[in-house]
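These notes are about the structure you will find just below.
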There are 2 protein chains.
Amino acid sequence: MPDATLGPSAFIVLGFLNHAGPATAYDLKRWVDDSVGFFWSFPRSQLYAEPQRLVTLGLLAETQEESGRRRRLYSVTDAGRAALADWRRSPAGMPELRDPGLLRMFFTPEEDHAALRALAAGQLRQHQERLATYRDMLGGEPCPWPERPPFTRTLRMGELYEQACLTFWQEVLDGLRPE
Amino acid sequence: MPDATLGPSAFIVLGFLNHAGPATAYDLKRWVDDSVGFFWSFPRSQLYAEPQRLVTLGLLAETQEESGRRRRLYSVTDAGRAALADWRRSPAGMPELRDPGLLRMFFTPEEDHAALRALAAGQLRQHQERLATYRDMLGGEPCPWPERPPFTRTLRMGELYEQACLTFWQEVLDGLRPE
DNA sequence: TGGGACATGTAAGAAGTTACATGATTAT
DNA sequence: ATAATCATGTAACTTCTTACATGTCCCA
């Protein structure tokens with residue numbers, strides 16, 4: 001039974017290995033860190049735990065080196081590929097904003113203009129940086145995963161999101177000016 | 001020691017009680033469900049656990065009814081208000097997109113136009129609904145928390161975000177058309 | 001040949017998810 | 001008066017955060 005208890009982390013592992021072939025947990029980390037990690041983080045402590053779990057579920061196969069570091073190499077089984085395909089066809093839920101800056105603003109009294117100004121200024125700066133990063137990646141040298149065009153697409157969503165954030169915090173700041 | 005281990009959930013509890021005065025965990029739930037919950041969910045299982053934790057930290061005071069339901073009423077202590085104020089001044093990190101639809105797209109082969117079309121269409125529909133909800137709340141009757149203008153602000157961010165999502169998924173769909 | 005960076009892994013505790021369970025209120 | 005719903009709470013399990021710990025490689 002392929003079990004319904006597979007979370008997003010499971011599919012990041014499956015998706016990566018399906019794309020990259022046999023690899024170690026650390027390979028996964030490096031790959032995640034500068035691709036999917038920009039919009040969906042993969043916790044360190046799951047790096048080794050999640051592949052193990054998938055092995056027990058029969059979705060991954062594992063071989064361990066005899067010499068040296070005795071690293072564990074994982075690869076996707078047929079069952080794993082099937083689970084991945086099923087997941088891709090399953091309905092996707094809605095994201096949650098979960099913006100720490102927004103949360104602080106929510107609990108800041110409307111009349112505390114100094115606090116709001118500081119918050120908005122800080123958020124503007126960070127979002128500008130992030131947007132610049134995305135644009136470098138979009139415009140710069142051919143990305144490290146030329147065979148992975150969907151990443152360019154997700155970058156586009158990142159760009160749109162950062163623009164929305166800049167618009168928002170700028171509006172907040174502008175609404176404060178007269179004060 | 002007020003402990004550095006306070007997460008966002010803690011500040012939602014503190015912020016609510018600081019605003020609303022003594023209240024029960026269930027009051028918290030109702031309030032969260034149609035305000036801050038739109039961009040930062042508060043898990044059911046934390047509803048009763050988190051206030052308890054804050055009591056042991058001295059940030060909340062608790063009184064329990066003698067009769068009937070023996071409900072627990074919480075209120076913020078001076079230490080609690082201080083912790084809240086500190087948090088509001090602390091630097092806010094960046095949000096993570098964490099969009100399940102984006103994640104599926106990332107792991108869908110570029111050439112599988114049928115899958116991409118289905119995904120984009122579904123996401124468009126959901127984001128349209130959400131946007132309509134926000135606009136009702138913005139334009140409709142004066143919101144249930146007239147004393148809480150920041151909520152109108154966070155709604156504005158929600159509106160901008162949903163618009164960005166609609167733009168994005170529409171672009172995805174348009175890029176597929178010729179196929 | 002030794003110091004830093006890279007690579008690999010574990011563990012404890014916090015937070016989140018899901019399902020269950022039951023006492024009050026309300027409506028019909 | 002009784003079914004539905006609201007209100008209140010617990011328990012089991014999964015995931016995440018954070019910190020620690022160590023081994024291996026590179027290169028000056």
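Just remember, in the structure tokens the first chain shown is A, the second B, etc., residues are 1-based per chain, and ligands are 1-based in the order shown.
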Non-local contacts of range 38-49 of chain B (9 Å; only C-alpha atoms (C1' of nucleotides); under 3 positions in same chain excluded) as number ranges by chain:
A: 96-100, 102-103; B: 9, 12-13, 25-26, 28-29, 32-35, 52-54, 154-155, 158; C: 15-17; D: 9
Emit the selected residues as a tab-separated table (two decimals), in the first residue's frame, including N, CA, C and O atoms (P, O5', C5', C4', C3', O3' and C1' of nucleotides).
```
chain	number	residue	atom	x	y	z
A	96	GLU	N	-0.76	29.63	1.56
A	96	GLU	CA	-1.05	30.56	2.64
A	96	GLU	C	0.03	31.61	2.57
A	96	GLU	O	1.20	31.28	2.36
A	97	LEU	N	-0.32	32.87	2.75
A	97	LEU	CA	0.68	33.93	2.65
A	97	LEU	C	1.79	33.74	3.67
A	97	LEU	O	2.97	33.74	3.34
A	98	ARG	N	1.41	33.61	4.94
A	98	ARG	CA	2.37	33.33	6.02
A	98	ARG	C	3.56	34.28	5.97
A	98	ARG	O	4.72	33.86	5.97
A	99	ASP	N	3.25	35.55	5.95
A	99	ASP	CA	4.28	36.58	5.86
A	99	ASP	C	4.51	37.19	7.24
A	99	ASP	O	3.63	37.83	7.80
A	100	PRO	N	5.71	36.97	7.79
A	100	PRO	CA	5.99	37.47	9.14
A	100	PRO	C	5.84	38.99	9.25
A	100	PRO	O	5.42	39.50	10.30
A	102	LEU	N	3.72	40.87	7.56
A	102	LEU	CA	2.29	41.14	7.57
A	102	LEU	C	1.72	40.86	8.96
A	102	LEU	O	0.86	41.59	9.47
A	103	LEU	N	2.20	39.79	9.58
A	103	LEU	CA	1.72	39.43	10.91
A	103	LEU	C	2.07	40.52	11.92
A	103	LEU	O	1.23	40.92	12.74
B	9	SER	N	2.70	31.73	16.73
B	9	SER	CA	1.45	31.38	17.41
B	9	SER	C	1.33	32.10	18.74
B	9	SER	O	0.25	32.58	19.10
B	12	ILE	N	0.20	35.60	18.18
B	12	ILE	CA	-1.21	35.70	17.79
B	12	ILE	C	-2.08	35.67	19.04
B	12	ILE	O	-3.00	36.48	19.20
B	13	VAL	N	-1.76	34.77	19.96
B	13	VAL	CA	-2.52	34.70	21.21
B	13	VAL	C	-2.37	35.99	22.00
B	13	VAL	O	-3.36	36.61	22.42
B	25	ALA	N	-10.09	30.28	24.80
B	25	ALA	CA	-9.41	29.77	23.63
B	25	ALA	C	-10.36	29.75	22.43
B	25	ALA	O	-9.96	30.01	21.30
B	26	TYR	N	-11.61	29.48	22.71
B	26	TYR	CA	-12.56	29.40	21.61
B	26	TYR	C	-12.84	30.78	21.02
B	26	TYR	O	-13.04	30.92	19.81
B	28	LEU	N	-10.67	33.01	20.81
B	28	LEU	CA	-9.48	33.16	19.97
B	28	LEU	C	-9.71	32.51	18.61
B	28	LEU	O	-9.46	33.11	17.56
B	29	LYS	N	-10.18	31.29	18.63
B	29	LYS	CA	-10.43	30.58	17.38
B	29	LYS	C	-11.35	31.36	16.45
B	29	LYS	O	-11.06	31.54	15.27
B	32	VAL	N	-9.64	34.48	15.08
B	32	VAL	CA	-8.61	34.13	14.12
B	32	VAL	C	-9.23	33.68	12.80
B	32	VAL	O	-8.79	34.08	11.73
B	33	ASP	N	-10.27	32.87	12.90
B	33	ASP	CA	-10.83	32.24	11.70
B	33	ASP	C	-11.27	33.23	10.65
B	33	ASP	O	-11.23	32.93	9.46
B	34	ASP	N	-11.72	34.41	11.06
B	34	ASP	CA	-12.05	35.35	9.98
B	34	ASP	C	-11.29	36.66	10.06
B	34	ASP	O	-11.82	37.71	9.72
B	35	SER	N	-10.07	36.57	10.48
B	35	SER	CA	-9.21	37.76	10.34
B	35	SER	C	-7.79	37.29	10.00
B	35	SER	O	-7.53	36.95	8.86
B	52	GLN	N	-1.83	27.72	27.48
B	52	GLN	CA	-1.28	27.06	28.67
B	52	GLN	C	0.22	27.33	28.79
B	52	GLN	O	0.73	27.65	29.85
B	53	ARG	N	0.88	27.19	27.67
B	53	ARG	CA	2.32	27.42	27.66
B	53	ARG	C	2.65	28.85	28.09
B	53	ARG	O	3.57	29.09	28.86
B	54	LEU	N	1.87	29.79	27.58
B	54	LEU	CA	2.13	31.20	27.90
B	54	LEU	C	1.85	31.49	29.37
B	54	LEU	O	2.47	32.37	29.96
B	154	THR	N	-4.09	44.18	5.55
B	154	THR	CA	-3.64	42.84	5.16
B	154	THR	C	-4.52	42.31	4.03
B	154	THR	O	-4.04	41.58	3.16
B	155	LEU	N	-5.78	42.70	4.04
B	155	LEU	CA	-6.65	42.30	2.94
B	155	LEU	C	-6.13	42.86	1.62
B	155	LEU	O	-6.18	42.19	0.58
B	158	GLY	N	-3.57	40.67	0.39
B	158	GLY	CA	-4.19	39.48	-0.16
B	158	GLY	C	-4.68	39.73	-1.58
B	158	GLY	O	-4.50	38.90	-2.48
C	15	DA	P	6.55	26.37	19.82
C	15	DA	O5'	5.93	25.72	18.51
C	15	DA	C5'	6.68	25.76	17.31
C	15	DA	C4'	5.90	25.05	16.23
C	15	DA	C3'	4.42	25.40	16.19
C	15	DA	O3'	4.14	25.78	14.87
C	15	DA	C1'	4.72	23.04	16.21
C	16	DG	P	2.65	26.08	14.39
C	16	DG	O5'	2.26	24.69	13.72
C	16	DG	C5'	3.01	24.24	12.60
C	16	DG	C4'	2.35	23.01	12.01
C	16	DG	C3'	0.85	23.14	11.77
C	16	DG	O3'	0.56	22.62	10.47
C	16	DG	C1'	1.30	21.26	13.12
C	17	DT	P	-0.95	22.49	9.92
C	17	DT	O5'	-1.25	20.95	10.16
C	17	DT	C5'	-0.38	19.97	9.62
C	17	DT	C4'	-1.09	18.62	9.65
C	17	DT	C3'	-2.58	18.66	9.29
C	17	DT	O3'	-2.80	17.62	8.37
C	17	DT	C1'	-2.27	17.63	11.42
D	9	DG	P	-12.07	24.51	27.44
D	9	DG	O5'	-11.36	23.15	26.97
D	9	DG	C5'	-11.64	21.98	27.69
D	9	DG	C4'	-11.19	20.76	26.91
D	9	DG	C3'	-9.70	20.60	26.68
D	9	DG	O3'	-9.15	19.82	27.75
D	9	DG	C1'	-11.08	19.72	24.92
```
Which chain D residues are at most 12 Å from chain A (counting only C-alpha atoms (C1' of nucleotides)), as a ChimeraX atom specification?
/D:13-19,22-25
Give me, as a ChimeraX atom specification, all polymer residues having an atom no more than 12 Å from Leu176 in chain B, counting only C-alpha atoms (C1' of nucleotides) and skipping those fewer than 2 positions away in the same chain.
/B:110-121,169-174,178-179
How would you write, as a short mmCIF file (atom, residue, chain, number, x, y, z; two decimals) with N, CA and C atoms, in the first residue's frame, the set of residues in range 15-178 of chain B that DSSP gives as helix (DSSP H, G or I)?
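And here is the file that came out, out.cif:
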```
data_model
loop_
_atom_site.label_atom_id
_atom_site.label_comp_id
_atom_site.auth_asym_id
_atom_site.auth_seq_id
_atom_site.Cartn_x
_atom_site.Cartn_y
_atom_site.Cartn_z
N GLY B 15 -1.41 38.95 20.97
CA GLY B 15 -1.97 40.07 20.25
C GLY B 15 -3.48 40.11 20.34
N PHE B 16 -4.09 38.96 20.23
CA PHE B 16 -5.54 38.91 20.33
C PHE B 16 -6.02 39.31 21.71
N LEU B 17 -5.45 38.69 22.74
CA LEU B 17 -5.90 38.97 24.10
C LEU B 17 -5.60 40.41 24.50
N ASN B 18 -4.50 40.92 23.99
CA ASN B 18 -4.16 42.31 24.29
C ASN B 18 -5.19 43.25 23.68
N HIS B 19 -5.73 42.84 22.56
CA HIS B 19 -6.70 43.66 21.87
C HIS B 19 -8.11 43.48 22.41
N ALA B 20 -8.44 42.23 22.75
CA ALA B 20 -9.83 41.91 23.06
C ALA B 20 -10.11 41.82 24.55
N ALA B 25 -10.09 30.28 24.80
CA ALA B 25 -9.41 29.77 23.63
C ALA B 25 -10.36 29.75 22.43
N TYR B 26 -11.61 29.48 22.71
CA TYR B 26 -12.56 29.40 21.61
C TYR B 26 -12.84 30.78 21.02
N ASP B 27 -12.87 31.78 21.87
CA ASP B 27 -12.99 33.15 21.36
C ASP B 27 -11.84 33.43 20.40
N LEU B 28 -10.67 33.01 20.81
CA LEU B 28 -9.48 33.16 19.97
C LEU B 28 -9.71 32.51 18.61
N LYS B 29 -10.18 31.29 18.63
CA LYS B 29 -10.43 30.58 17.38
C LYS B 29 -11.35 31.36 16.45
N ARG B 30 -12.48 31.81 17.02
CA ARG B 30 -13.44 32.50 16.16
C ARG B 30 -12.86 33.76 15.55
N TRP B 31 -12.13 34.46 16.39
CA TRP B 31 -11.53 35.71 15.91
C TRP B 31 -10.50 35.44 14.82
N VAL B 32 -9.64 34.48 15.08
CA VAL B 32 -8.61 34.13 14.12
C VAL B 32 -9.23 33.68 12.80
N ASP B 33 -10.27 32.87 12.90
CA ASP B 33 -10.83 32.24 11.70
C ASP B 33 -11.27 33.23 10.65
N VAL B 36 -6.96 37.23 10.97
CA VAL B 36 -5.57 36.87 10.71
C VAL B 36 -5.43 35.49 10.05
N GLY B 37 -6.41 34.62 10.29
CA GLY B 37 -6.37 33.28 9.73
C GLY B 37 -6.32 33.25 8.21
N PHE B 38 -6.70 34.34 7.58
CA PHE B 38 -6.67 34.37 6.11
C PHE B 38 -5.24 34.35 5.58
N GLN B 46 -3.19 23.75 18.76
CA GLN B 46 -2.46 24.76 19.53
C GLN B 46 -3.42 25.66 20.28
N LEU B 47 -4.70 25.57 19.95
CA LEU B 47 -5.70 26.47 20.52
C LEU B 47 -5.68 26.43 22.04
N TYR B 48 -5.55 25.25 22.61
CA TYR B 48 -5.56 25.12 24.06
C TYR B 48 -4.15 25.01 24.61
N ALA B 49 -3.25 24.44 23.81
CA ALA B 49 -1.88 24.22 24.29
C ALA B 49 -1.10 25.53 24.42
N GLU B 50 -1.25 26.39 23.43
CA GLU B 50 -0.41 27.59 23.42
C GLU B 50 -0.73 28.52 24.60
N PRO B 51 -1.99 28.81 24.88
CA PRO B 51 -2.28 29.64 26.06
C PRO B 51 -1.72 29.03 27.34
N GLN B 52 -1.83 27.72 27.48
CA GLN B 52 -1.28 27.06 28.67
C GLN B 52 0.22 27.33 28.79
N ARG B 53 0.88 27.19 27.67
CA ARG B 53 2.32 27.42 27.66
C ARG B 53 2.65 28.85 28.09
N LEU B 54 1.87 29.79 27.58
CA LEU B 54 2.13 31.20 27.90
C LEU B 54 1.85 31.49 29.37
N VAL B 55 0.91 30.74 29.96
CA VAL B 55 0.67 30.90 31.40
C VAL B 55 1.91 30.47 32.18
N THR B 56 2.47 29.32 31.80
CA THR B 56 3.65 28.86 32.54
C THR B 56 4.83 29.80 32.36
N ASP B 78 1.54 42.03 32.38
CA ASP B 78 2.46 43.09 31.97
C ASP B 78 3.64 42.49 31.21
N ALA B 79 4.14 41.36 31.70
CA ALA B 79 5.25 40.69 31.01
C ALA B 79 4.82 40.32 29.59
N GLY B 80 3.59 39.89 29.45
CA GLY B 80 3.06 39.53 28.13
C GLY B 80 3.04 40.73 27.20
N ARG B 81 2.58 41.84 27.71
CA ARG B 81 2.54 43.04 26.88
C ARG B 81 3.94 43.47 26.48
N ALA B 82 4.87 43.32 27.40
CA ALA B 82 6.26 43.67 27.10
C ALA B 82 6.81 42.76 25.99
N ALA B 83 6.52 41.46 26.09
CA ALA B 83 7.00 40.51 25.08
C ALA B 83 6.43 40.86 23.71
N LEU B 84 5.16 41.24 23.71
CA LEU B 84 4.50 41.60 22.46
C LEU B 84 5.15 42.84 21.84
N ALA B 85 5.42 43.82 22.68
CA ALA B 85 6.04 45.05 22.19
C ALA B 85 7.43 44.77 21.62
N ASP B 86 8.19 43.93 22.33
CA ASP B 86 9.53 43.56 21.85
C ASP B 86 9.43 42.91 20.48
N TRP B 87 8.51 42.00 20.36
CA TRP B 87 8.36 41.27 19.11
C TRP B 87 8.03 42.21 17.96
N ARG B 88 7.14 43.17 18.23
CA ARG B 88 6.76 44.09 17.16
C ARG B 88 7.94 44.88 16.64
N ARG B 89 8.91 45.11 17.51
CA ARG B 89 10.10 45.86 17.10
C ARG B 89 11.18 44.97 16.51
N PRO B 100 1.38 24.96 -3.21
CA PRO B 100 1.30 23.56 -3.66
C PRO B 100 1.15 23.44 -5.17
N GLY B 101 0.48 24.38 -5.78
CA GLY B 101 0.30 24.34 -7.23
C GLY B 101 1.63 24.56 -7.95
N LEU B 102 2.40 25.49 -7.43
CA LEU B 102 3.71 25.79 -8.00
C LEU B 102 4.61 24.57 -7.88
N LEU B 103 4.52 23.90 -6.75
CA LEU B 103 5.35 22.72 -6.51
C LEU B 103 5.01 21.62 -7.52
N ARG B 104 3.74 21.43 -7.77
CA ARG B 104 3.35 20.43 -8.77
C ARG B 104 3.87 20.82 -10.14
N MET B 105 3.74 22.08 -10.47
CA MET B 105 4.22 22.53 -11.77
C MET B 105 5.71 22.28 -11.92
N PHE B 106 6.43 22.53 -10.83
CA PHE B 106 7.87 22.35 -10.86
C PHE B 106 8.26 20.93 -11.23
N HIS B 113 1.58 19.00 -21.69
CA HIS B 113 0.70 20.16 -21.76
C HIS B 113 -0.66 19.91 -21.14
N ALA B 114 -1.14 18.70 -21.26
CA ALA B 114 -2.47 18.40 -20.69
C ALA B 114 -2.44 18.62 -19.18
N ALA B 115 -1.42 18.08 -18.54
CA ALA B 115 -1.31 18.23 -17.08
C ALA B 115 -1.18 19.69 -16.69
N LEU B 116 -0.34 20.41 -17.42
CA LEU B 116 -0.12 21.82 -17.09
C LEU B 116 -1.40 22.62 -17.27
N ARG B 117 -2.12 22.31 -18.33
CA ARG B 117 -3.37 23.03 -18.59
C ARG B 117 -4.36 22.78 -17.46
N ALA B 118 -4.49 21.53 -17.04
CA ALA B 118 -5.42 21.19 -15.97
C ALA B 118 -5.03 21.91 -14.68
N LEU B 119 -3.75 21.86 -14.39
CA LEU B 119 -3.27 22.51 -13.18
C LEU B 119 -3.56 24.01 -13.19
N ALA B 120 -3.19 24.66 -14.29
CA ALA B 120 -3.37 26.11 -14.39
C ALA B 120 -4.84 26.50 -14.30
N ALA B 121 -5.68 25.72 -14.96
CA ALA B 121 -7.11 26.03 -14.94
C ALA B 121 -7.65 25.93 -13.51
N GLY B 122 -7.28 24.89 -12.82
CA GLY B 122 -7.73 24.72 -11.45
C GLY B 122 -7.25 25.84 -10.54
N GLN B 123 -6.00 26.21 -10.69
CA GLN B 123 -5.46 27.27 -9.85
C GLN B 123 -6.14 28.60 -10.15
N LEU B 124 -6.39 28.85 -11.44
CA LEU B 124 -7.07 30.09 -11.81
C LEU B 124 -8.42 30.18 -11.12
N ARG B 125 -9.15 29.09 -11.16
CA ARG B 125 -10.48 29.11 -10.57
C ARG B 125 -10.42 29.40 -9.07
N GLN B 126 -9.53 28.71 -8.38
CA GLN B 126 -9.44 28.90 -6.94
C GLN B 126 -9.01 30.32 -6.57
N HIS B 127 -8.05 30.85 -7.33
CA HIS B 127 -7.58 32.20 -6.99
C HIS B 127 -8.65 33.24 -7.31
N GLN B 128 -9.42 32.97 -8.35
CA GLN B 128 -10.52 33.90 -8.64
C GLN B 128 -11.51 33.95 -7.48
N GLU B 129 -11.85 32.78 -6.98
CA GLU B 129 -12.77 32.72 -5.84
C GLU B 129 -12.24 33.48 -4.64
N ARG B 130 -10.98 33.21 -4.35
CA ARG B 130 -10.38 33.86 -3.19
C ARG B 130 -10.36 35.37 -3.34
N LEU B 131 -10.04 35.80 -4.54
CA LEU B 131 -10.01 37.25 -4.79
C LEU B 131 -11.39 37.86 -4.60
N ALA B 132 -12.41 37.16 -5.08
CA ALA B 132 -13.78 37.66 -4.92
C ALA B 132 -14.11 37.78 -3.43
N THR B 133 -13.72 36.79 -2.66
CA THR B 133 -13.96 36.84 -1.21
C THR B 133 -13.34 38.08 -0.59
N TYR B 134 -12.08 38.32 -0.93
CA TYR B 134 -11.39 39.48 -0.37
C TYR B 134 -12.11 40.77 -0.75
N ARG B 135 -12.53 40.83 -2.00
CA ARG B 135 -13.14 42.09 -2.45
C ARG B 135 -14.48 42.31 -1.77
N ASP B 136 -15.23 41.21 -1.52
CA ASP B 136 -16.45 41.35 -0.75
C ASP B 136 -16.15 41.94 0.61
N MET B 137 -15.11 41.43 1.23
CA MET B 137 -14.79 41.89 2.58
C MET B 137 -14.33 43.34 2.57
N LEU B 138 -13.63 43.71 1.52
CA LEU B 138 -13.14 45.09 1.43
C LEU B 138 -14.28 46.07 1.14
N GLY B 139 -15.20 45.64 0.28
CA GLY B 139 -16.22 46.56 -0.17
C GLY B 139 -17.53 46.47 0.60
N PRO B 149 -8.30 48.42 11.87
CA PRO B 149 -8.00 48.82 10.49
C PRO B 149 -6.84 48.04 9.87
N PRO B 150 -5.85 47.59 10.62
CA PRO B 150 -4.78 46.84 9.97
C PRO B 150 -5.30 45.65 9.18
N PHE B 151 -6.46 45.14 9.56
CA PHE B 151 -6.97 44.01 8.81
C PHE B 151 -7.31 44.40 7.38
N THR B 152 -7.83 45.61 7.23
CA THR B 152 -8.09 46.10 5.89
C THR B 152 -6.77 46.13 5.10
N ARG B 153 -5.72 46.49 5.79
CA ARG B 153 -4.43 46.53 5.12
C ARG B 153 -3.98 45.15 4.67
N THR B 154 -4.09 44.18 5.55
CA THR B 154 -3.64 42.84 5.16
C THR B 154 -4.52 42.31 4.03
N LEU B 155 -5.78 42.70 4.04
CA LEU B 155 -6.65 42.30 2.94
C LEU B 155 -6.13 42.86 1.62
N ARG B 156 -5.63 44.05 1.66
CA ARG B 156 -5.08 44.66 0.45
C ARG B 156 -3.90 43.83 -0.07
N MET B 157 -3.07 43.35 0.81
CA MET B 157 -1.96 42.49 0.38
C MET B 157 -2.52 41.21 -0.22
N GLY B 158 -3.57 40.67 0.39
CA GLY B 158 -4.19 39.48 -0.16
C GLY B 158 -4.68 39.73 -1.58
N GLU B 159 -5.27 40.87 -1.79
CA GLU B 159 -5.78 41.22 -3.12
C GLU B 159 -4.64 41.28 -4.14
N LEU B 160 -3.56 41.96 -3.77
CA LEU B 160 -2.42 42.06 -4.68
C LEU B 160 -1.83 40.69 -4.97
N TYR B 161 -1.76 39.86 -3.96
CA TYR B 161 -1.20 38.52 -4.15
C TYR B 161 -2.07 37.70 -5.10
N GLU B 162 -3.36 37.73 -4.89
CA GLU B 162 -4.24 36.94 -5.76
C GLU B 162 -4.17 37.43 -7.19
N GLN B 163 -4.05 38.73 -7.37
CA GLN B 163 -3.91 39.26 -8.73
C GLN B 163 -2.63 38.73 -9.38
N ALA B 164 -1.56 38.69 -8.61
CA ALA B 164 -0.30 38.17 -9.14
C ALA B 164 -0.46 36.71 -9.56
N CYS B 165 -1.16 35.94 -8.73
CA CYS B 165 -1.37 34.53 -9.06
C CYS B 165 -2.18 34.39 -10.34
N LEU B 166 -3.21 35.21 -10.48
CA LEU B 166 -4.04 35.13 -11.69
C LEU B 166 -3.20 35.46 -12.91
N THR B 167 -2.40 36.50 -12.81
CA THR B 167 -1.52 36.86 -13.93
C THR B 167 -0.62 35.67 -14.29
N PHE B 168 -0.04 35.07 -13.27
CA PHE B 168 0.90 33.98 -13.50
C PHE B 168 0.25 32.79 -14.19
N TRP B 169 -0.82 32.29 -13.63
CA TRP B 169 -1.43 31.08 -14.20
C TRP B 169 -2.03 31.36 -15.57
N GLN B 170 -2.46 32.59 -15.78
CA GLN B 170 -2.95 32.95 -17.11
C GLN B 170 -1.81 32.92 -18.12
N GLU B 171 -0.66 33.39 -17.71
CA GLU B 171 0.51 33.34 -18.59
C GLU B 171 0.88 31.89 -18.92
N VAL B 172 0.81 31.05 -17.91
CA VAL B 172 1.11 29.64 -18.14
C VAL B 172 0.17 29.08 -19.20
N LEU B 173 -1.11 29.35 -19.00
CA LEU B 173 -2.13 28.85 -19.92
C LEU B 173 -1.90 29.40 -21.33
N ASP B 174 -1.63 30.69 -21.42
CA ASP B 174 -1.41 31.32 -22.72
C ASP B 174 -0.20 30.72 -23.43
N GLY B 175 0.83 30.41 -22.66
CA GLY B 175 2.02 29.83 -23.25
C GLY B 175 1.77 28.44 -23.81
N LEU B 176 0.67 27.84 -23.41
CA LEU B 176 0.35 26.48 -23.84
C LEU B 176 -0.56 26.47 -25.06
#
```
Work out how far apart C1' of DC6 in chain D and C1' of DT25 in chain C are and give it in Å to one decimal.
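Those two atoms sit 7.2 Å apart.
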